[in-house]
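final17.txt (compact mmCIF, C-alpha atoms) appears below.
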# COMPACT_ATOMS: atom_id res chain seq x y z
CA MET A 887 21.01 -65.30 31.27
CA SER A 888 19.00 -66.29 28.22
CA GLU A 889 17.63 -69.33 30.04
CA ARG A 890 16.66 -67.32 33.10
CA ALA A 891 14.87 -64.75 30.94
CA GLU A 892 12.39 -67.51 30.16
CA LEU A 893 11.56 -67.95 33.86
CA HIS A 894 8.71 -66.03 35.49
CA LEU A 895 8.62 -65.64 39.28
CA LEU A 896 5.77 -64.40 41.49
CA ILE A 897 6.53 -62.56 44.74
CA VAL A 898 3.71 -62.39 47.28
CA ASP A 899 4.39 -60.06 50.23
CA ASP A 900 2.29 -57.39 51.94
CA ASP A 901 5.38 -55.26 52.71
CA GLU A 902 5.70 -52.91 49.75
CA ARG A 903 9.36 -52.10 50.48
CA ILE A 904 10.42 -55.76 50.67
CA ARG A 905 8.31 -56.59 47.62
CA GLY A 906 9.97 -53.87 45.57
CA LEU A 907 13.50 -54.71 46.71
CA LEU A 908 13.11 -58.40 45.95
CA GLN A 909 11.57 -57.68 42.58
CA LYS A 910 14.41 -55.39 41.53
CA PHE A 911 17.04 -57.83 42.81
CA LEU A 912 15.59 -60.80 40.93
CA VAL A 913 14.99 -58.80 37.73
CA ARG A 914 18.67 -57.79 37.83
CA HIS A 915 19.50 -61.50 37.94
CA GLY A 916 17.61 -62.20 34.74
CA PHE A 917 14.12 -63.28 35.83
CA TYR A 918 10.72 -62.01 34.80
CA VAL A 919 9.11 -61.01 38.10
CA SER A 920 5.51 -60.17 38.98
CA ALA A 921 4.43 -59.11 42.46
CA ALA A 922 1.26 -59.44 44.52
CA ARG A 923 0.43 -57.56 47.71
CA ASP A 924 -1.69 -60.30 49.29
CA ALA A 925 -3.24 -63.72 48.67
CA ALA A 926 -6.25 -62.32 46.82
CA HIS A 927 -3.99 -60.36 44.45
CA ALA A 928 -1.87 -63.47 43.92
CA ARG A 929 -4.92 -65.52 43.01
CA ARG A 930 -5.90 -62.98 40.34
CA LEU A 931 -2.43 -63.12 38.78
CA LEU A 932 -2.35 -66.93 38.92
CA LYS A 933 -5.61 -67.09 36.98
CA GLY A 934 -4.09 -65.37 33.98
CA LEU A 935 -0.38 -66.21 34.09
CA ASP A 936 1.84 -69.27 34.52
CA PHE A 937 4.77 -68.99 36.92
CA ASP A 938 7.90 -71.10 37.33
CA LEU A 939 8.20 -70.41 41.07
CA ILE A 940 6.35 -68.51 43.81
CA VAL A 941 8.16 -66.68 46.62
CA MET A 942 5.58 -66.05 49.34
CA ASP A 943 5.53 -64.41 52.75
CA VAL A 944 3.79 -66.41 55.47
CA MET A 945 2.52 -63.55 57.63
CA MET A 946 0.06 -61.54 55.54
CA PRO A 947 -3.23 -59.85 56.43
CA GLY A 948 -6.24 -61.93 55.47
CA GLU A 949 -5.27 -65.32 54.08
CA ASP A 950 -1.77 -66.27 55.20
CA GLY A 951 0.93 -67.86 53.08
CA VAL A 952 0.63 -71.35 54.57
CA SER A 953 -3.11 -71.45 53.86
CA LEU A 954 -2.63 -70.21 50.30
CA THR A 955 0.17 -72.74 49.75
CA ARG A 956 -2.06 -75.58 50.94
CA ASP A 957 -4.85 -74.50 48.57
CA LEU A 958 -2.56 -74.01 45.57
CA ARG A 959 -1.01 -77.45 46.10
CA GLU A 960 -4.39 -79.03 45.40
CA ARG A 961 -4.42 -77.48 41.93
CA MET A 962 -0.84 -76.93 40.76
CA THR A 963 2.72 -78.16 41.16
CA THR A 964 4.44 -74.78 40.82
CA PRO A 965 7.38 -74.68 43.30
CA ILE A 966 6.77 -72.47 46.37
CA LEU A 967 9.39 -70.88 48.61
CA LEU A 968 7.97 -69.49 51.87
CA LEU A 969 9.39 -66.49 53.72
CA THR A 970 8.66 -65.72 57.35
CA ALA A 971 9.86 -63.54 60.20
CA ARG A 972 9.45 -66.56 62.47
CA GLY A 973 12.06 -69.22 61.97
CA ASP A 974 11.16 -71.76 64.65
CA THR A 975 10.84 -75.43 63.82
CA ALA A 976 7.03 -75.57 64.19
CA ASP A 977 6.50 -72.86 61.55
CA ARG A 978 8.98 -74.49 59.21
CA ILE A 979 7.24 -77.84 59.51
CA ALA A 980 3.80 -76.24 59.00
CA GLY A 981 4.99 -74.64 55.77
CA LEU A 982 6.57 -77.79 54.43
CA GLU A 983 3.54 -79.89 55.35
CA ALA A 984 1.36 -77.43 53.43
CA GLY A 985 3.39 -78.24 50.32
CA ALA A 986 6.15 -75.63 50.25
CA ASP A 987 9.38 -76.68 48.54
CA ASP A 988 11.62 -74.65 50.82
CA TYR A 989 11.47 -72.21 53.72
CA LEU A 990 13.61 -69.14 54.43
CA ALA A 991 13.44 -67.13 57.65
CA LYS A 992 13.64 -63.32 57.65
CA PRO A 993 15.91 -61.46 57.75
CA PHE A 994 17.93 -63.10 54.99
CA GLU A 995 20.60 -62.14 52.50
CA PRO A 996 19.21 -61.67 48.97
CA LYS A 997 22.04 -63.86 47.66
CA GLU A 998 20.82 -66.71 49.85
CA LEU A 999 17.32 -66.31 48.41
CA LEU A 1000 18.80 -66.47 44.91
CA LEU A 1001 20.69 -69.67 45.79
CA ARG A 1002 17.52 -71.25 47.21
CA ILE A 1003 15.51 -70.28 44.11
CA ASN A 1004 18.12 -71.71 41.75
CA ALA A 1005 18.31 -74.93 43.79
CA ILE A 1006 14.53 -75.38 43.66
CA LEU A 1007 14.41 -74.70 39.94
CA ARG A 1008 17.21 -77.21 39.28
CA ARG A 1009 15.36 -80.02 41.01
CA ALA A 1010 11.90 -79.11 39.70
CA PRO A 1011 10.77 -81.65 37.07
CA ALA A 1012 10.55 -80.34 33.55
CA SER A 1013 6.97 -79.71 32.54
CA THR A 1014 5.54 -82.22 30.09
CA GLU A 1015 2.84 -79.77 29.02
CA PRO A 1016 3.49 -76.68 26.91
CA LYS A 1017 3.01 -73.50 28.88
CA ALA A 1018 0.15 -71.24 28.04
CA PRO A 1019 1.43 -68.07 26.39
CA LYS A 1020 1.73 -65.10 28.70
CA VAL A 1021 -0.43 -62.56 26.89
CA LEU A 1022 -1.90 -59.34 28.25
CA HIS A 1023 -4.91 -57.86 26.46
CA LEU A 1024 -5.16 -54.09 26.05
CA GLY A 1025 -8.35 -53.54 24.08
CA ASP A 1026 -7.75 -54.66 20.52
CA VAL A 1027 -4.02 -54.91 21.21
CA ARG A 1028 -2.30 -57.87 22.85
CA TYR A 1029 1.15 -57.92 24.46
CA ASP A 1030 3.18 -61.14 24.42
CA VAL A 1031 5.14 -61.05 27.69
CA ASP A 1032 7.64 -63.76 26.73
CA ARG A 1033 8.50 -62.26 23.36
CA GLY A 1034 8.15 -58.63 24.39
CA GLU A 1035 5.98 -58.06 21.32
CA MET A 1036 2.80 -56.03 20.85
CA TRP A 1037 0.25 -57.04 18.23
CA ARG A 1038 -2.92 -55.56 16.78
CA GLY A 1039 -4.58 -58.41 14.93
CA ASP A 1040 -1.90 -59.84 12.64
CA SER A 1041 0.11 -56.62 12.59
CA LEU A 1042 3.13 -56.10 14.82
CA VAL A 1043 3.02 -52.78 16.68
CA ARG A 1044 6.48 -51.25 16.46
CA LEU A 1045 7.95 -50.20 19.81
CA THR A 1046 11.04 -48.12 20.39
CA ALA A 1047 13.71 -49.57 22.71
CA THR A 1048 12.46 -47.40 25.58
CA GLU A 1049 8.80 -48.28 24.93
CA ALA A 1050 9.72 -51.98 24.89
CA ALA A 1051 11.60 -51.58 28.17
CA LEU A 1052 8.64 -49.79 29.75
CA MET A 1053 6.27 -52.57 28.67
CA ARG A 1054 8.54 -55.20 30.21
CA ILE A 1055 8.55 -53.27 33.50
CA PHE A 1056 4.78 -52.72 33.54
CA ALA A 1057 4.00 -56.30 32.47
CA ALA A 1058 6.12 -57.67 35.33
CA ARG A 1059 4.16 -55.50 37.78
CA SER A 1060 0.75 -55.66 36.15
CA GLY A 1061 -1.98 -54.21 38.38
CA GLU A 1062 0.54 -52.49 40.65
CA PRO A 1063 1.56 -48.81 40.52
CA VAL A 1064 5.15 -48.09 39.49
CA SER A 1065 6.54 -44.71 40.55
CA ARG A 1066 8.29 -42.39 38.13
CA THR A 1067 11.44 -42.66 40.26
CA GLU A 1068 11.40 -46.45 39.93
CA LEU A 1069 10.89 -46.18 36.19
CA VAL A 1070 13.92 -43.89 35.89
CA GLU A 1071 16.00 -46.39 37.89
CA ASP A 1072 14.74 -49.46 36.06
CA LEU A 1073 15.27 -47.93 32.65
CA GLY A 1074 18.90 -47.25 33.64
CA ARG A 1075 18.96 -44.03 31.71
CA GLY A 1076 22.64 -43.94 30.84
CA ASN A 1077 22.07 -40.80 28.75
CA GLY A 1078 20.68 -38.99 31.78
CA LYS A 1079 24.02 -37.90 33.26
CA GLY A 1080 23.88 -34.29 34.25
CA GLU A 1081 20.08 -34.21 34.24
CA SER A 1082 18.16 -33.56 37.42
CA GLY A 1083 15.81 -36.19 38.80
CA GLN A 1084 12.88 -34.03 37.78
CA ALA A 1085 14.16 -33.75 34.22
CA GLN A 1086 14.52 -37.52 33.97
CA GLU A 1087 11.01 -38.04 35.36
CA ARG A 1088 9.60 -35.58 32.82
CA ALA A 1089 11.36 -37.56 30.09
CA VAL A 1090 9.63 -40.70 31.37
CA ASP A 1091 6.28 -38.86 31.23
CA VAL A 1092 6.91 -38.11 27.56
CA GLN A 1093 7.69 -41.76 26.85
CA ILE A 1094 4.51 -42.84 28.67
CA THR A 1095 2.48 -40.48 26.49
CA ARG A 1096 4.02 -41.98 23.35
CA LEU A 1097 3.50 -45.53 24.59
CA ARG A 1098 -0.18 -44.88 25.29
CA ARG A 1099 -0.69 -43.89 21.66
CA LYS A 1100 0.27 -47.44 20.66
CA PHE A 1101 -2.78 -49.07 22.29
CA GLU A 1102 -5.11 -46.59 24.00
CA ALA A 1103 -8.31 -45.66 22.12
CA ASP A 1104 -8.08 -42.22 23.79
CA PRO A 1105 -4.54 -41.57 25.09
CA LYS A 1106 -5.78 -38.49 26.97
CA GLN A 1107 -8.18 -40.69 28.95
CA PRO A 1108 -6.17 -43.91 29.26
CA ARG A 1109 -7.93 -47.12 30.17
CA TYR A 1110 -5.03 -49.57 30.30
CA LEU A 1111 -1.94 -47.52 31.24
CA GLN A 1112 -3.38 -45.47 34.05
CA THR A 1113 -2.00 -42.57 36.06
CA VAL A 1114 -2.30 -43.31 39.78
CA ARG A 1115 -2.27 -40.01 41.65
CA GLY A 1116 0.69 -39.81 43.99
CA ALA A 1117 1.89 -43.32 43.08
CA GLY A 1118 2.96 -43.25 39.42
CA TYR A 1119 1.64 -45.35 36.52
CA MET A 1120 -0.09 -48.74 36.45
CA LEU A 1121 -0.76 -51.22 33.66
CA ALA A 1122 -4.32 -52.55 34.00
CA PRO A 1123 -4.90 -55.19 31.28
CA GLU A 1124 -8.29 -56.81 30.73
Rendering of file as structure tokens:
Amino acid sequence: MSERAELHLLIVDDDERIRGLLQKFLVRHGFYVSAARDAAHARRLLKGLDFDLIVMDVMMPGEDGVSLTRDLRERMTTPILLLTARGDTADRIAGLEAGADDYLAKPFEPKELLLRINAILRRAPASTEPKAPKVLHLGDVRYDVDRGEMWRGDSLVRLTATEAALMRIFAARSGEPVSRTELVEDLGRGNGKGESGQAQERAVDVQITRLRRKFEADPKQPRYLQTVRGAGYMLAPE
């Protein structure tokens, strides 16, 4: 588990439901997971973060997964696992020729995906170059994703256990709204027995307010931890 916690995966899929399910499944199995809704979103994340493996859908609006794989292969060696609803031989060959490390046809069992990911990671050569630190900038505050630490200059910003858990969730889904219901589920609020869903969501709202005070210049008009009407909250680092 400790070794997996060092690994950061990127999921690229235009289907929000599938994206969310895969993210939750892989997080439960000890990975850091970020998600992108399309190729353009993936490119933005890849500019600022290093990933150990990319799980990418082939059929996406705009640039498809095979095209993105081919382009990424010219610049990086990050392992890529392609997903597609079409499992015929021609599609499989096209994906592998583009540089994918493996290919999995939908629908699939999540456990099979996990086995494929672990197999790819086992045979991936160890990097000879130190990874760039995964750091998100929130004004004059920076958040170290790997360490789960928040810093203002040389001073460590103290986070409660819940605030630290929220930052891990938001950092893994940077630039993507996370609903209050998902936050309640991901936090695994064991002390919430007997509370209604609304009560637990209100408790999350309180924690969000407290977390904003740690890095927002004006917590009442947040710049970095935004409220997305009808969708929840979103971390929007610089």
*Which of these, A:Val898, A:Leu982, A:Met946, A:Leu968, has the shortest distance to His927 in chain A once you count all atoms listed in the file?*
A:Val898
*List every protein, DNA or RNA residue that has at least one atom no more than 12 Å from (3.5, -52.9, 39.6) in the file's coordinates, counting all atoms listed in the file, and write the result as an MDAnalysis selection string.*
chainID A and resid 896:897 902 905:906 909:910 919:923 927 931 1052:1066 1068:1069 1111:1112 1114 1117:1122
_Report, in Å to a single decimal, how far apart CA of Asp988 in chain A and CA of Val1031 in chain A are._
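One can read the CA of Val1031 in chain A to CA of Asp988 in chain A distance as 27.6 Å.
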*A:Leu1000, A:Val913, A:Lys1106, A:Leu907: which is nearest Glu892 in chain A, counting all atoms listed in the file?*
A:Val913
*Excluding same-chain residues fewer than 4 positions from Arg1028 in chain A, what lies within 9 Å of it counting all atoms listed in the file, as a list in words?*
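That gives Val1021, Leu1022, His1023, Leu1024, Glu1035, Met1036, Trp1037, Arg1038, Gly1039 and Phe1101 of chain A.
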_CA of Pro1123 in chain A to CA of Thr1048 in chain A, straight-line distance in Å_ = 19.9 Å
*Which of these residues is nearest to Glu1049 in chain A, using all atoms listed in the file: A:Asp1026, A:Glu1071, A:Asp977, A:Asp1091?*
A:Asp1091
Taking (13.0, -65.3, 54.4) in the coordinates of the supplied file, I want to know which residues reach to within 8 Å of it, counting all atoms listed in the file; could you give the answer as an mmCIF file with C-alpha atoms, in the coordinates of the input?
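Okay, this is what ended up in selection-v6.cif:
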data_model
loop_
_atom_site.group_PDB
_atom_site.id
_atom_site.type_symbol
_atom_site.label_atom_id
_atom_site.label_comp_id
_atom_site.auth_asym_id
_atom_site.auth_seq_id
_atom_site.Cartn_x
_atom_site.Cartn_y
_atom_site.Cartn_z
ATOM 1 C CA ASP A 943 5.530 -64.410 52.750
ATOM 2 C CA LEU A 968 7.970 -69.490 51.870
ATOM 3 C CA LEU A 969 9.390 -66.490 53.720
ATOM 4 C CA THR A 970 8.660 -65.720 57.350
ATOM 5 C CA ALA A 971 9.860 -63.540 60.200
ATOM 6 C CA TYR A 989 11.470 -72.210 53.720
ATOM 7 C CA LEU A 990 13.610 -69.140 54.430
ATOM 8 C CA ALA A 991 13.440 -67.130 57.650
ATOM 9 C CA LYS A 992 13.640 -63.320 57.650
ATOM 10 C CA PRO A 993 15.910 -61.460 57.750
ATOM 11 C CA PHE A 994 17.930 -63.100 54.990
ATOM 12 C CA LEU A 999 17.320 -66.310 48.410
#
_Report, in Å with one decimal, the straight-line distance from CA of Tyr918 in chain A to CA of His894 in chain A._
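These atoms are spaced 4.5 Å apart.
Among the candidates A:Val1027, A:Arg903, A:Leu908, A:Val952, the one nearest to Ile979 in chain A when counting only C-alpha atoms is A:Val952.
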Assuming 6 Å of padding per side, give the centre and edge lengths of the axis-aligned box around every listed atom of range 920-929 of chain A, in Å to one decimal and as lines of an AutoDock Vina configuration file.
center_x = -0.4
center_y = -61.5
center_z = 44.1
size_x = 23.8
size_y = 20.0
size_z = 22.3
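The shortest atom-to-atom distance to Met942 in chain A, with all atoms listed in the file taken into account, belongs to A:Asp899 out of A:Asp957, A:Ala984, A:Asp899, A:Thr964.
Distance check against Pro965 in chain A using all atoms listed in the file: of A:Ala1010, A:Ala928, A:Leu1045, A:Val1090, the minimum falls on A:Ala1010.
Contact shell of Ala925 in chain A at 7 Å (only C-alpha atoms; same-chain neighbours under 3 positions omitted): Ala928, Arg929, Glu949 and Leu954 of chain A.
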Resulting file, chosen residues, C-alpha atoms, as a PDB file, in the frame of the given file:
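result.pdb, freshly written:
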ATOM      1  CA  ALA A 928      -1.870 -63.470  43.920  1.00  0.00           C
ATOM      2  CA  ARG A 929      -4.920 -65.520  43.010  1.00  0.00           C
ATOM      3  CA  GLU A 949      -5.270 -65.320  54.080  1.00  0.00           C
ATOM      4  CA  LEU A 954      -2.630 -70.210  50.300  1.00  0.00           C
TER       5      LEU A 954
END
